[in-house]
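To start, the structure under review is shown below, and the notes come after it.
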Amino acid sequence: MSVTMGDTNRTTDADEAITERRPPTLGSVSTIVMFGHLSWLGWTWVVATLAEVVVVFCVSRWGDVDQSLWQSVAAGWQRWVVFGTGVTTTTVYLRMLVRNGVTRSLLSSASTVAMTIIAVVAGLWITAGYAIEKLVYDSNGWAQTLNEGGPLEWSDLWRCAFEATVALGAYFVSGWLVGAGYYRYRAVGGTLLLLPALVPAALTELFLSKDFGGVDIDTLAGWFDRPPLAVSVVCGATVVAAGAVVARRVTRAIPIR
């Protein structure tokens, strides 16, 4: 009799545990995706910052400082790091979270939230790097010249923050589309869709600057003048939003393998 009652109690406890299990929320899933990305992105930023310190020290001691080293050593290539982050949105988190009760729609929304936060944090980190570098350069009388050809002024930091954030968001979206394409359509289909997936990043770069992927391209510089900040940010943000909508729709239709 006691055994039967014990079994009954254990069954009741298990039923209550199942009943009390809360469904995943946007906040909880966004936290998982965001901190999953930041767990390795943060180390990338630490390494890039240390590399900047070492390079500035070496160049100032044995060479001439006549341009921004932060742009080439740390800031420029961060686009591709965030691009890789977008790729893992589907290749890493889709199967893991969907098999644990997260819907594709909720994952898509969480990925959009994570993308926004990561782009803002990375954009602020890049801008802070330029600001600290400018303090060091100004105190030593060095010229902080950018790839675009002009010196960086304090008033340019606002533009830097907005443009870096929007550009990083665009690269995240393109990476998200690339990862979704390869996950859903395998090697052949993913490769065929590779160029269309890069459209958000390419268009945003055209609106924001005269380079692509952090590399200055003289041909692009001769095509048009740099647009006003408001035009750059609005057009770039529109491209990012449109790309995110497409990525969400693609993700919601991906079968789990």
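Every chain in the structure tokens has a letter given in the order shown (A, B, ...), and although residue numbers restart at 1 in each chain, ligands are simply numbered from 1 in the order shown.
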List as a list in words the protein and nucleic acid residues near stretch 120-133 of chain A, meaning an atom at most 7 Å away when only C-alpha atoms are counted, but skip any in the same chain fewer than 3 places from it.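 Within the cut-off, the hits are Trp70, Ala75, Thr116, Ile117, Val136, Tyr137, Leu157, Cys160, Ala161, Ala164 and Thr165 of chain A.
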Who sits within 10 Å of stretch 77-86 of chain A, only C-alpha atoms, same chain under 2 positions skipped, as a VMD selection string: chain A and resid 34 36 to 38 40 to 41 44 to 45 48 71 to 75 88 to 92 111 114 to 115 118 to 119 122 to 123 126 164 167 to 180 198 201 212 to 215
For the selection you just gave me, I'd like the residues written to a file as a compact mmCIF listing (two decimals), in the first residue's frame, keeping C-alpha atoms.
# COMPACT_ATOMS: atom_id res chain seq x y z
CA MET A 34 22.45 37.23 -27.41
CA GLY A 36 25.59 32.93 -26.82
CA HIS A 37 26.92 35.34 -29.44
CA LEU A 38 28.58 37.66 -26.92
CA TRP A 40 32.86 34.76 -28.12
CA LEU A 41 32.29 38.21 -29.62
CA THR A 44 37.17 39.18 -30.17
CA TRP A 45 36.75 42.77 -29.04
CA ALA A 48 41.25 43.65 -31.12
CA GLN A 71 40.10 51.72 -38.29
CA SER A 72 42.36 49.08 -39.83
CA VAL A 73 43.47 47.11 -36.77
CA ALA A 74 40.10 46.76 -35.01
CA ALA A 75 37.06 48.55 -36.42
CA THR A 88 25.33 30.93 -36.59
CA THR A 89 21.80 32.15 -35.90
CA THR A 90 20.46 29.34 -38.05
CA THR A 91 23.30 26.84 -38.09
CA VAL A 92 23.70 26.73 -34.29
CA SER A 111 17.41 36.82 -33.27
CA ALA A 114 19.89 39.99 -30.37
CA MET A 115 20.99 41.51 -33.68
CA ILE A 118 24.82 43.37 -30.62
CA ALA A 119 24.94 46.03 -33.35
CA ALA A 122 29.59 46.86 -31.11
CA GLY A 123 28.90 50.29 -32.60
CA ILE A 126 34.00 51.03 -32.15
CA ALA A 164 28.78 51.58 -37.41
CA ALA A 167 26.42 48.65 -40.92
CA LEU A 168 26.90 45.91 -38.33
CA GLY A 169 23.17 45.24 -38.33
CA ALA A 170 23.28 44.84 -42.10
CA TYR A 171 26.16 42.37 -41.94
CA PHE A 172 24.35 40.38 -39.26
CA VAL A 173 21.28 40.15 -41.51
CA SER A 174 23.36 39.07 -44.50
CA GLY A 175 25.07 36.43 -42.40
CA TRP A 176 21.68 35.27 -41.13
CA LEU A 177 20.45 34.90 -44.73
CA VAL A 178 23.60 33.05 -45.79
CA GLY A 179 23.34 30.61 -42.89
CA ALA A 180 19.63 30.05 -43.52
CA LEU A 198 24.89 39.79 -49.40
CA ALA A 201 25.38 44.47 -46.50
CA PHE A 212 32.94 47.55 -48.62
CA GLY A 213 33.70 45.17 -45.81
CA GLY A 214 36.00 47.67 -44.15
CA VAL A 215 38.22 48.00 -47.25
Using only C-alpha atoms: which of A:Ala187, A:Cys58, A:Leu107, A:Leu26 has the shortest distance to A:Arg248: A:Leu107
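With distances taken over only C-alpha atoms, A:Val29 is the one residue among A:Leu206, A:Val29, A:Leu69, A:Val188 lying closest to A:Arg104.
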Among the residues of stretch 146-241 of chain A, find those DSSP assigns to helix (DSSP H, G or I) from the backbone and print them as a ChimeraX atom specification. /A:154-192,194-197,199-208,218-221,229-241
In Å to one decimal, how far is atom CA of A:Arg95 from atom CA of A:Arg257?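 Here the two named atoms are 7.4 Å from each other.
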Long-range neighbours of A:Gln67 as a ChimeraX atom specification, 6 Å cut-off, only C-alpha atoms, 5 positions minimum in chain: /A:143-145
Fewer than 4 positions away in the same chain doesn't count, so skip those; otherwise give me all residues within 9 Å of A:Val199, counting only C-alpha atoms, as an mmCIF file with all heavy atoms, in the first residue's frame.
data_model
loop_
_atom_site.group_PDB
_atom_site.id
_atom_site.type_symbol
_atom_site.label_atom_id
_atom_site.label_comp_id
_atom_site.auth_asym_id
_atom_site.auth_seq_id
_atom_site.Cartn_x
_atom_site.Cartn_y
_atom_site.Cartn_z
ATOM 1 N N SER A 174 22.821 39.827 -43.369
ATOM 2 C CA SER A 174 23.359 39.071 -44.503
ATOM 3 C C SER A 174 23.903 37.723 -44.055
ATOM 4 O O SER A 174 23.702 36.697 -44.719
ATOM 5 C CB SER A 174 24.469 39.879 -45.195
ATOM 6 O OG SER A 174 23.920 40.910 -45.987
ATOM 7 N N LEU A 195 25.072 35.454 -53.261
ATOM 8 C CA LEU A 195 25.106 36.867 -53.669
ATOM 9 C C LEU A 195 23.839 37.623 -53.273
ATOM 10 O O LEU A 195 23.928 38.746 -52.748
ATOM 11 C CB LEU A 195 25.368 36.976 -55.168
ATOM 12 C CG LEU A 195 26.785 36.602 -55.636
ATOM 13 C CD1 LEU A 195 26.916 36.758 -57.142
ATOM 14 C CD2 LEU A 195 27.822 37.470 -54.925
ATOM 15 N N LEU A 203 24.255 47.084 -50.026
ATOM 16 C CA LEU A 203 23.459 48.309 -50.162
ATOM 17 C C LEU A 203 23.715 49.261 -48.995
ATOM 18 O O LEU A 203 23.834 50.478 -49.183
ATOM 19 C CB LEU A 203 21.975 47.968 -50.236
ATOM 20 C CG LEU A 203 21.440 47.481 -51.583
ATOM 21 C CD1 LEU A 203 19.952 47.183 -51.483
ATOM 22 C CD2 LEU A 203 21.693 48.521 -52.672
ATOM 23 N N THR A 204 23.795 48.720 -47.805
ATOM 24 C CA THR A 204 24.025 49.566 -46.642
ATOM 25 C C THR A 204 25.379 50.245 -46.710
ATOM 26 O O THR A 204 25.518 51.423 -46.361
ATOM 27 C CB THR A 204 23.920 48.728 -45.349
ATOM 28 O OG1 THR A 204 22.641 48.107 -45.306
ATOM 29 C CG2 THR A 204 24.087 49.605 -44.125
ATOM 30 N N VAL A 239 17.100 49.235 -45.209
ATOM 31 C CA VAL A 239 17.636 48.014 -45.820
ATOM 32 C C VAL A 239 17.776 46.915 -44.776
ATOM 33 O O VAL A 239 17.432 45.749 -45.023
ATOM 34 C CB VAL A 239 18.988 48.304 -46.496
ATOM 35 C CG1 VAL A 239 19.638 47.002 -46.971
ATOM 36 C CG2 VAL A 239 18.814 49.250 -47.664
ATOM 37 N N GLY A 243 15.813 43.385 -44.837
ATOM 38 C CA GLY A 243 16.564 42.129 -44.809
ATOM 39 C C GLY A 243 16.162 41.249 -43.639
ATOM 40 O O GLY A 243 16.076 40.019 -43.769
#
Restricting the calculation to only C-alpha atoms: of A:Glu148, A:Val245, A:Ala51, A:Ala110, which residue gets closest to A:Phe35?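 The answer is A:Ala110, which sits nearest to A:Phe35.
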Give the strand (DSSP E) residues of stretch 11-239 of chain A, as DSSP finds them on the backbone, and put them as an MDAnalysis selection string. chainID A and resid 211:212 215:216
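Rounded to one decimal, atom CA of A:Arg159 and atom CA of A:Leu50 lie 24.7 Å from each other.
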To one decimal in Å, tell me the separation between atom CA of A:Pro228 and atom CA of A:Leu208.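 Between atom CA of A:Pro228 and atom CA of A:Leu208 the gap works out to 9.1 Å.
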Using only C-alpha atoms for the distances, tell me which of A:Val59, A:Val87, A:Ala230, A:Val54 is nearest to A:Thr251.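 Among the listed residues, the smallest separation from A:Thr251 belongs to A:Val87.
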